[in-house]
Amino acid sequence: MALASKDLLGIQGMTADEIGLILDTASSFKDVSERDIKKVPSLRGKTVINLFYEASTRTRTSFELAGKRLSADVLNIATSTSSVAKGETLLDTARNIEAMKCDILILRHFCSGAPEFLASRLTSSIINGGDGFHEHPTQALLDMYTIREKRGRIEGLTVTIVGDIAHSRVARSNIYGLNTMGAEIRICGPATMMPRDIERLGAKKYHDMDQAVEGADVIMMLRLQLERQATGLFPGVREYARLYGLSRERLSRAKQDALVMHPGPINRGVEISSDVADGTSVILDQVTNGVAVRMAVMFLLSGGAKGD
């Protein structure tokens, strides 16, 4: 089995079999990062470009490591020091990159739909590294991989996603993916940070966090994205932390072995307390798993198949 598209633009529309293929392939790649020599020749001769219009640590670095561990040639383009700073358009930048025979272009952009825009105009494979408020597919895939790795399944689990839902591409991709894989999804946050139609995506909405985490198998905390927000969405950070921060006391309402997740970067003492983040969370496991998942995505988009 192979992926249906040359691109990974979002989780919406992906089948359970496609998601499962990526997760299974990631499992076969995870041990590469544990070896003394962290390389396999799967993408030798391929060229991968990271084109990030927004700041990133985990996503950009893990894509770079993933490509290098597959033996691809990987280049990072900082838009602040590229021709973008001179006014070059996204399409012109991408076409020039493709003219240098790039095989995979990973795009992070502040505009929703930018990866899809390029995918319809380029022959190179496009991977969405996060676009506006829309989606962040590889983050959702690594989250699902981590859940399956720790719990052995996704189907039937109750996953509570808490925080700034309105501005979170991570939340949207996880809602799509977790629904497809059979989880029950609860979303929780202030009314001002909750899209009106979010329940149409298959999630149950809460404004009381204590109720939302009651009996949950997984609690996924989201960062307050102040850079994307208008002012006045909540009274203050202290008030937000009191109502929607994950403390050890609040965590006790979930199942005893509940997983605590966060896509990072975390705001300590705001959406999650330090003792929870550094204690029972699987946040660093998510980061580790991100490399394996991104290896799997690039491998499969390059024509690989499970078992190759």
# chains A, B, ... in the order shown; residues from 1 in each chain; ligands from 1

$ residues_around --residues "Arg253 (chain A)" --least-positions-apart "3" --cutoff "9 Å" --atoms "only C-alpha atoms" --output "PyMOL selection string"
chain A and resi 210-211+213-216+249-250+256

$ residues_around --residues "Leu107 (chain A)" --least-positions-apart "6" --cutoff "8 Å" --atoms "only C-alpha atoms" --output "list in words"
Asn50, Leu51, Phe52, Tyr53, Pro115, Ile126, Ile127, Asn128, Gly129 and Gly130 of chain A

$ write_last_selection --atoms "C-alpha atoms" --output "compact mmCIF listing (two decimals), in the first residue's frame"
# COMPACT_ATOMS: atom_id res chain seq x y z
CA ASN A 50 12.70 23.29 4.53
CA LEU A 51 11.00 26.59 3.64
CA PHE A 52 9.69 28.15 6.84
CA TYR A 53 7.95 31.54 6.87
CA PRO A 115 0.81 24.35 0.87
CA ILE A 126 4.77 19.32 -0.72
CA ILE A 127 4.54 18.61 3.00
CA ASN A 128 2.53 20.98 5.15
CA GLY A 129 4.65 22.00 8.14
CA GLY A 130 1.78 24.11 9.49

$ closest_residue --among "A:Ala94, A:Val40, A:Met221, A:Ile11" --to "Ile77 (chain A)" --atoms "only C-alpha atoms"
A:Ala94

$ closest_residue --among "A:Thr192, A:Ser168, A:Asn76, A:Ser27" --to "Pro137 (chain A)" --atoms "only C-alpha atoms"
A:Ser168

$ residues_around --residues "Ala99 (chain A)" --least-positions-apart "6" --cutoff "12 Å" --atoms "only C-alpha atoms" --output "ChimeraX atom specification"
/A:47,92-93,122-124

$ write_last_selection --atoms "N, CA, C and O atoms" --output "tab-separated table (two decimals), in the first residue's frame"
chain	number	residue	atom	x	y	z
A	47	THR	N	16.59	15.34	-2.64
A	47	THR	CA	16.84	16.66	-2.07
A	47	THR	C	15.59	17.15	-1.36
A	47	THR	O	14.50	17.16	-1.94
A	92	ASP	N	7.03	32.21	-6.78
A	92	ASP	CA	8.31	32.39	-7.45
A	92	ASP	C	9.44	31.73	-6.67
A	92	ASP	O	10.33	31.11	-7.25
A	93	THR	N	9.39	31.88	-5.35
A	93	THR	CA	10.41	31.23	-4.52
A	93	THR	C	10.36	29.72	-4.71
A	93	THR	O	11.39	29.07	-4.92
A	122	LEU	N	3.23	22.68	-8.52
A	122	LEU	CA	4.57	22.09	-8.58
A	122	LEU	C	4.48	20.58	-8.72
A	122	LEU	O	3.51	19.96	-8.29
A	123	THR	N	5.51	19.99	-9.28
A	123	THR	CA	5.58	18.53	-9.36
A	123	THR	C	6.28	17.93	-8.14
A	123	THR	O	6.11	16.74	-7.84
A	124	SER	N	7.07	18.73	-7.43
A	124	SER	CA	7.71	18.25	-6.20
A	124	SER	C	6.65	17.90	-5.16
A	124	SER	O	5.53	18.45	-5.17

$ atom_distance --atom1 "CA of Ala119 (chain A)" --atom2 "CA of Asp7 (chain A)"
6.9 Å

$ select_by_dssp --residues "region 69-302 of chain A" --states "strand (DSSP E)" --output "PyMOL selection string"
chain A and resi 73-78+104-109+125-131+158-162+184-188+204-206+218-221+259-261

$ closest_residue --among "A:Gly236, A:Gly245, A:Gly202, A:Gly10" --to "Gln139 (chain A)" --atoms "only C-alpha atoms"
A:Gly10

$ select_by_dssp --residues "region 140-263 of chain A" --states "helix (DSSP H, G or I)" --output "short mmCIF file (atom, residue, chain, number, x, y, z; two decimals) with N, CA, C and O atoms, in the first residue's frame"
data_model
loop_
_atom_site.label_atom_id
_atom_site.label_comp_id
_atom_site.auth_asym_id
_atom_site.auth_seq_id
_atom_site.Cartn_x
_atom_site.Cartn_y
_atom_site.Cartn_z
N ALA A 140 -0.12 16.05 14.25
CA ALA A 140 -1.20 15.13 14.61
C ALA A 140 -0.74 13.68 14.44
O ALA A 140 -1.09 12.82 15.26
N LEU A 141 0.02 13.40 13.40
CA LEU A 141 0.50 12.03 13.19
C LEU A 141 1.43 11.59 14.32
O LEU A 141 1.34 10.46 14.80
N LEU A 142 2.32 12.47 14.74
CA LEU A 142 3.22 12.08 15.84
C LEU A 142 2.46 11.97 17.15
O LEU A 142 2.81 11.15 18.01
N ASP A 143 1.42 12.78 17.32
CA ASP A 143 0.58 12.66 18.51
C ASP A 143 -0.15 11.31 18.51
O ASP A 143 -0.19 10.62 19.54
N MET A 144 -0.70 10.95 17.37
CA MET A 144 -1.39 9.66 17.28
C MET A 144 -0.42 8.50 17.46
O MET A 144 -0.74 7.49 18.10
N TYR A 145 0.77 8.64 16.90
CA TYR A 145 1.79 7.60 17.07
C TYR A 145 2.12 7.43 18.56
O TYR A 145 2.22 6.31 19.06
N THR A 146 2.28 8.54 19.27
CA THR A 146 2.63 8.49 20.69
C THR A 146 1.51 7.85 21.50
O THR A 146 1.77 7.02 22.38
N ILE A 147 0.27 8.20 21.19
CA ILE A 147 -0.86 7.59 21.90
C ILE A 147 -0.89 6.09 21.65
O ILE A 147 -1.03 5.29 22.59
N ARG A 148 -0.75 5.70 20.40
CA ARG A 148 -0.78 4.26 20.08
C ARG A 148 0.39 3.52 20.71
O ARG A 148 0.23 2.40 21.20
N GLU A 149 1.55 4.14 20.72
CA GLU A 149 2.73 3.53 21.31
C GLU A 149 2.55 3.32 22.81
O GLU A 149 2.93 2.27 23.35
N LYS A 150 1.97 4.29 23.49
CA LYS A 150 1.83 4.23 24.94
C LYS A 150 0.62 3.42 25.39
O LYS A 150 0.64 2.81 26.46
N ARG A 151 -0.43 3.42 24.58
CA ARG A 151 -1.67 2.75 24.99
C ARG A 151 -2.03 1.54 24.14
O ARG A 151 -2.97 0.83 24.43
N ILE A 165 -8.44 26.67 20.98
CA ILE A 165 -8.88 25.85 19.85
C ILE A 165 -9.00 26.68 18.58
O ILE A 165 -8.63 26.24 17.49
N ALA A 166 -9.48 27.90 18.71
CA ALA A 166 -9.77 28.73 17.53
C ALA A 166 -8.53 29.00 16.69
O ALA A 166 -8.61 29.08 15.46
N HIS A 167 -7.38 29.14 17.33
CA HIS A 167 -6.17 29.50 16.62
C HIS A 167 -5.23 28.32 16.41
O HIS A 167 -4.09 28.50 15.97
N ARG A 169 -3.98 25.04 14.65
CA ARG A 169 -3.96 24.08 13.54
C ARG A 169 -3.68 22.67 14.08
O ARG A 169 -4.09 21.68 13.48
N VAL A 170 -2.99 22.58 15.22
CA VAL A 170 -2.75 21.28 15.84
C VAL A 170 -4.07 20.63 16.26
O VAL A 170 -4.30 19.44 16.04
N ALA A 171 -4.95 21.43 16.86
CA ALA A 171 -6.24 20.89 17.29
C ALA A 171 -7.04 20.37 16.11
O ALA A 171 -7.61 19.27 16.17
N ARG A 172 -7.09 21.12 15.03
CA ARG A 172 -7.88 20.69 13.87
C ARG A 172 -7.35 19.38 13.30
O ARG A 172 -8.11 18.45 13.01
N SER A 173 -6.05 19.30 13.11
CA SER A 173 -5.49 18.06 12.54
C SER A 173 -5.72 16.88 13.48
O SER A 173 -6.03 15.78 13.02
N ASN A 174 -5.60 17.10 14.77
CA ASN A 174 -5.85 16.00 15.71
C ASN A 174 -7.31 15.60 15.74
O ASN A 174 -7.62 14.41 15.84
N ILE A 175 -8.21 16.55 15.65
CA ILE A 175 -9.63 16.19 15.62
C ILE A 175 -9.93 15.33 14.39
O ILE A 175 -10.60 14.30 14.49
N TYR A 176 -9.43 15.74 13.23
CA TYR A 176 -9.64 14.93 12.02
C TYR A 176 -9.06 13.53 12.20
O TYR A 176 -9.71 12.52 11.92
N GLY A 177 -7.81 13.46 12.64
CA GLY A 177 -7.14 12.17 12.71
C GLY A 177 -7.68 11.26 13.79
O GLY A 177 -7.92 10.06 13.55
N LEU A 178 -7.91 11.80 14.97
CA LEU A 178 -8.40 10.97 16.07
C LEU A 178 -9.80 10.47 15.80
O LEU A 178 -10.14 9.33 16.15
N ASN A 179 -10.64 11.29 15.16
CA ASN A 179 -11.97 10.82 14.75
C ASN A 179 -11.86 9.67 13.78
O ASN A 179 -12.56 8.66 13.89
N THR A 180 -10.99 9.82 12.79
CA THR A 180 -10.81 8.77 11.79
C THR A 180 -10.35 7.47 12.42
O THR A 180 -10.75 6.38 11.99
N ALA A 191 -15.03 30.44 25.70
CA ALA A 191 -15.94 30.62 24.56
C ALA A 191 -15.32 31.50 23.49
O ALA A 191 -15.58 31.32 22.30
N THR A 192 -14.48 32.45 23.90
CA THR A 192 -13.85 33.36 22.95
C THR A 192 -12.76 32.68 22.12
O THR A 192 -12.28 33.26 21.14
N MET A 193 -12.35 31.48 22.51
CA MET A 193 -11.32 30.74 21.78
C MET A 193 -11.86 29.45 21.19
O MET A 193 -11.10 28.54 20.88
N ILE A 198 -17.19 24.07 15.59
CA ILE A 198 -16.18 23.04 15.82
C ILE A 198 -16.80 21.68 16.09
O ILE A 198 -16.22 20.64 15.75
N GLU A 199 -18.00 21.63 16.68
CA GLU A 199 -18.64 20.35 16.98
C GLU A 199 -19.00 19.58 15.71
O GLU A 199 -19.16 18.36 15.75
N ARG A 200 -19.13 20.30 14.60
CA ARG A 200 -19.41 19.61 13.33
C ARG A 200 -18.27 18.69 12.93
O ARG A 200 -18.45 17.78 12.12
N LEU A 201 -17.08 18.93 13.45
CA LEU A 201 -15.93 18.09 13.13
C LEU A 201 -15.92 16.79 13.94
O LEU A 201 -15.06 15.93 13.72
N MET A 209 -13.22 22.99 32.49
CA MET A 209 -12.11 22.04 32.30
C MET A 209 -12.22 20.83 33.22
O MET A 209 -11.86 19.71 32.83
N ASP A 210 -12.70 21.02 34.44
CA ASP A 210 -12.83 19.88 35.35
C ASP A 210 -13.73 18.81 34.75
O ASP A 210 -13.45 17.61 34.85
N GLN A 211 -14.81 19.22 34.11
CA GLN A 211 -15.70 18.26 33.45
C GLN A 211 -15.03 17.63 32.24
O GLN A 211 -15.17 16.44 31.97
N ALA A 212 -14.26 18.43 31.49
CA ALA A 212 -13.66 17.95 30.26
C ALA A 212 -12.60 16.87 30.49
O ALA A 212 -12.43 15.97 29.67
N VAL A 213 -11.89 16.97 31.60
CA VAL A 213 -10.81 16.00 31.85
C VAL A 213 -11.28 14.80 32.67
O VAL A 213 -10.53 13.83 32.82
N LEU A 226 -0.62 33.79 21.47
CA LEU A 226 -0.84 35.23 21.59
C LEU A 226 -0.51 35.98 20.31
O LEU A 226 -1.10 37.02 20.02
N GLU A 227 0.41 35.43 19.50
CA GLU A 227 0.79 36.10 18.26
C GLU A 227 -0.30 36.05 17.21
O GLU A 227 -0.27 36.79 16.21
N ARG A 228 -1.29 35.17 17.38
CA ARG A 228 -2.38 35.05 16.41
C ARG A 228 -3.69 35.65 16.91
O ARG A 228 -4.68 35.66 16.20
N VAL A 237 -3.51 36.34 31.82
CA VAL A 237 -2.85 35.04 31.86
C VAL A 237 -3.12 34.32 33.17
O VAL A 237 -3.35 33.10 33.20
N ARG A 238 -3.13 35.06 34.28
CA ARG A 238 -3.38 34.42 35.58
C ARG A 238 -4.78 33.82 35.63
O ARG A 238 -4.96 32.70 36.14
N GLU A 239 -5.75 34.54 35.11
CA GLU A 239 -7.12 34.03 35.09
C GLU A 239 -7.23 32.81 34.18
O GLU A 239 -7.89 31.82 34.51
N TYR A 240 -6.57 32.88 33.04
CA TYR A 240 -6.58 31.73 32.12
C TYR A 240 -5.98 30.50 32.79
O TYR A 240 -6.53 29.40 32.70
N ALA A 241 -4.85 30.67 33.46
CA ALA A 241 -4.19 29.54 34.11
C ALA A 241 -5.08 28.93 35.19
O ALA A 241 -5.10 27.70 35.37
N ARG A 242 -5.81 29.76 35.90
CA ARG A 242 -6.69 29.25 36.95
C ARG A 242 -7.82 28.41 36.38
O ARG A 242 -8.17 27.36 36.94
N LEU A 243 -8.36 28.84 35.25
CA LEU A 243 -9.52 28.16 34.68
C LEU A 243 -9.15 27.01 33.74
O LEU A 243 -9.87 26.01 33.65
N TYR A 244 -8.03 27.15 33.03
CA TYR A 244 -7.72 26.19 31.96
C TYR A 244 -6.29 25.64 32.03
O TYR A 244 -5.84 24.98 31.10
N ARG A 248 -1.53 19.37 38.86
CA ARG A 248 -1.59 17.98 39.32
C ARG A 248 -2.95 17.66 39.93
O ARG A 248 -3.49 16.56 39.75
N GLU A 249 -3.54 18.63 40.62
CA GLU A 249 -4.87 18.42 41.21
C GLU A 249 -5.91 18.18 40.12
O GLU A 249 -6.73 17.27 40.22
N ARG A 250 -5.87 18.98 39.08
CA ARG A 250 -6.84 18.82 37.99
C ARG A 250 -6.60 17.52 37.23
O ARG A 250 -7.54 16.85 36.79
N LEU A 251 -5.34 17.15 37.06
CA LEU A 251 -5.01 15.90 36.37
C LEU A 251 -5.57 14.70 37.11
O LEU A 251 -5.90 13.68 36.48
#

$ atom_distance --atom1 "CA of Val287 (chain A)" --atom2 "CA of Phe117 (chain A)"
28.4 Å

$ decode --residues "region 77-170 of chain A" --atoms "C-alpha atoms" --output "compact mmCIF listing (two decimals), in the first residue's frame"
# COMPACT_ATOMS: atom_id res chain seq x y z
CA ILE A 77 15.91 28.36 3.82
CA ALA A 78 15.52 31.25 6.25
CA THR A 79 13.08 33.62 4.60
CA SER A 80 14.54 36.57 6.50
CA THR A 81 17.82 36.17 4.57
CA SER A 82 16.37 35.00 1.26
CA SER A 83 14.84 36.81 -1.71
CA VAL A 84 11.54 36.76 0.17
CA ALA A 85 12.94 39.77 2.04
CA LYS A 86 13.28 41.49 -1.34
CA GLY A 87 9.62 40.95 -2.21
CA GLU A 88 9.74 37.63 -4.06
CA THR A 89 6.40 35.83 -4.02
CA LEU A 90 5.84 32.42 -2.49
CA LEU A 91 5.20 30.87 -5.90
CA ASP A 92 8.31 32.39 -7.45
CA THR A 93 10.41 31.23 -4.52
CA ALA A 94 9.02 27.71 -4.76
CA ARG A 95 9.41 27.52 -8.56
CA ASN A 96 13.03 28.56 -8.27
CA ILE A 97 13.62 25.92 -5.63
CA GLU A 98 11.99 23.29 -7.82
CA ALA A 99 14.14 24.39 -10.78
CA MET A 100 17.12 23.23 -8.70
CA LYS A 101 15.53 19.76 -8.75
CA CYS A 102 14.13 19.64 -5.24
CA ASP A 103 12.20 16.43 -4.56
CA ILE A 104 10.39 17.37 -1.34
CA LEU A 105 9.48 20.87 -0.17
CA ILE A 106 8.36 21.29 3.44
CA LEU A 107 6.44 24.53 3.86
CA ARG A 108 5.42 26.37 7.00
CA HIS A 109 3.41 29.47 6.19
CA PHE A 110 1.24 31.98 8.02
CA CYS A 111 -1.49 31.76 5.36
CA SER A 112 -3.98 28.90 5.49
CA GLY A 113 -3.96 27.01 2.19
CA ALA A 114 -0.42 27.98 1.13
CA PRO A 115 0.81 24.35 0.87
CA GLU A 116 -2.23 23.37 -1.23
CA PHE A 117 -1.60 26.40 -3.45
CA LEU A 118 1.94 25.18 -4.18
CA ALA A 119 0.97 21.51 -4.49
CA SER A 120 -1.35 22.29 -7.41
CA ARG A 121 1.42 24.15 -9.24
CA LEU A 122 4.57 22.09 -8.58
CA THR A 123 5.58 18.53 -9.36
CA SER A 124 7.71 18.25 -6.20
CA SER A 125 6.07 16.69 -3.16
CA ILE A 126 4.77 19.32 -0.72
CA ILE A 127 4.54 18.61 3.00
CA ASN A 128 2.53 20.98 5.15
CA GLY A 129 4.65 22.00 8.14
CA GLY A 130 1.78 24.11 9.49
CA ASP A 131 -0.35 26.66 7.62
CA GLY A 132 -2.11 29.50 9.40
CA PHE A 133 -5.09 28.34 11.46
CA HIS A 134 -5.65 25.39 9.11
CA GLU A 135 -3.66 22.20 9.77
CA HIS A 136 -0.41 20.75 11.08
CA PRO A 137 -0.62 17.17 9.82
CA THR A 138 2.72 15.76 10.96
CA GLN A 139 2.11 17.03 14.50
CA ALA A 140 -1.20 15.13 14.61
CA LEU A 141 0.50 12.03 13.19
CA LEU A 142 3.22 12.08 15.84
CA ASP A 143 0.58 12.66 18.51
CA MET A 144 -1.39 9.66 17.28
CA TYR A 145 1.79 7.60 17.07
CA THR A 146 2.63 8.49 20.69
CA ILE A 147 -0.86 7.59 21.90
CA ARG A 148 -0.78 4.26 20.08
CA GLU A 149 2.73 3.53 21.31
CA LYS A 150 1.83 4.23 24.94
CA ARG A 151 -1.67 2.75 24.99
CA GLY A 152 -1.55 0.16 22.23
CA ARG A 153 -4.56 1.63 20.45
CA ILE A 154 -6.39 4.83 19.60
CA GLU A 155 -9.87 3.47 19.00
CA GLY A 156 -12.16 3.85 21.99
CA LEU A 157 -9.94 6.24 23.95
CA THR A 158 -11.23 9.55 25.29
CA VAL A 159 -8.96 12.42 24.28
CA THR A 160 -9.46 15.88 25.77
CA ILE A 161 -7.91 18.83 23.91
CA VAL A 162 -7.69 21.99 26.00
CA GLY A 163 -6.86 25.59 25.18
CA ASP A 164 -6.88 27.99 22.29
CA ILE A 165 -8.88 25.85 19.85
CA ALA A 166 -9.77 28.73 17.53
CA HIS A 167 -6.17 29.50 16.62
CA SER A 168 -4.81 25.95 16.74
CA ARG A 169 -3.96 24.08 13.54
CA VAL A 170 -2.75 21.28 15.84
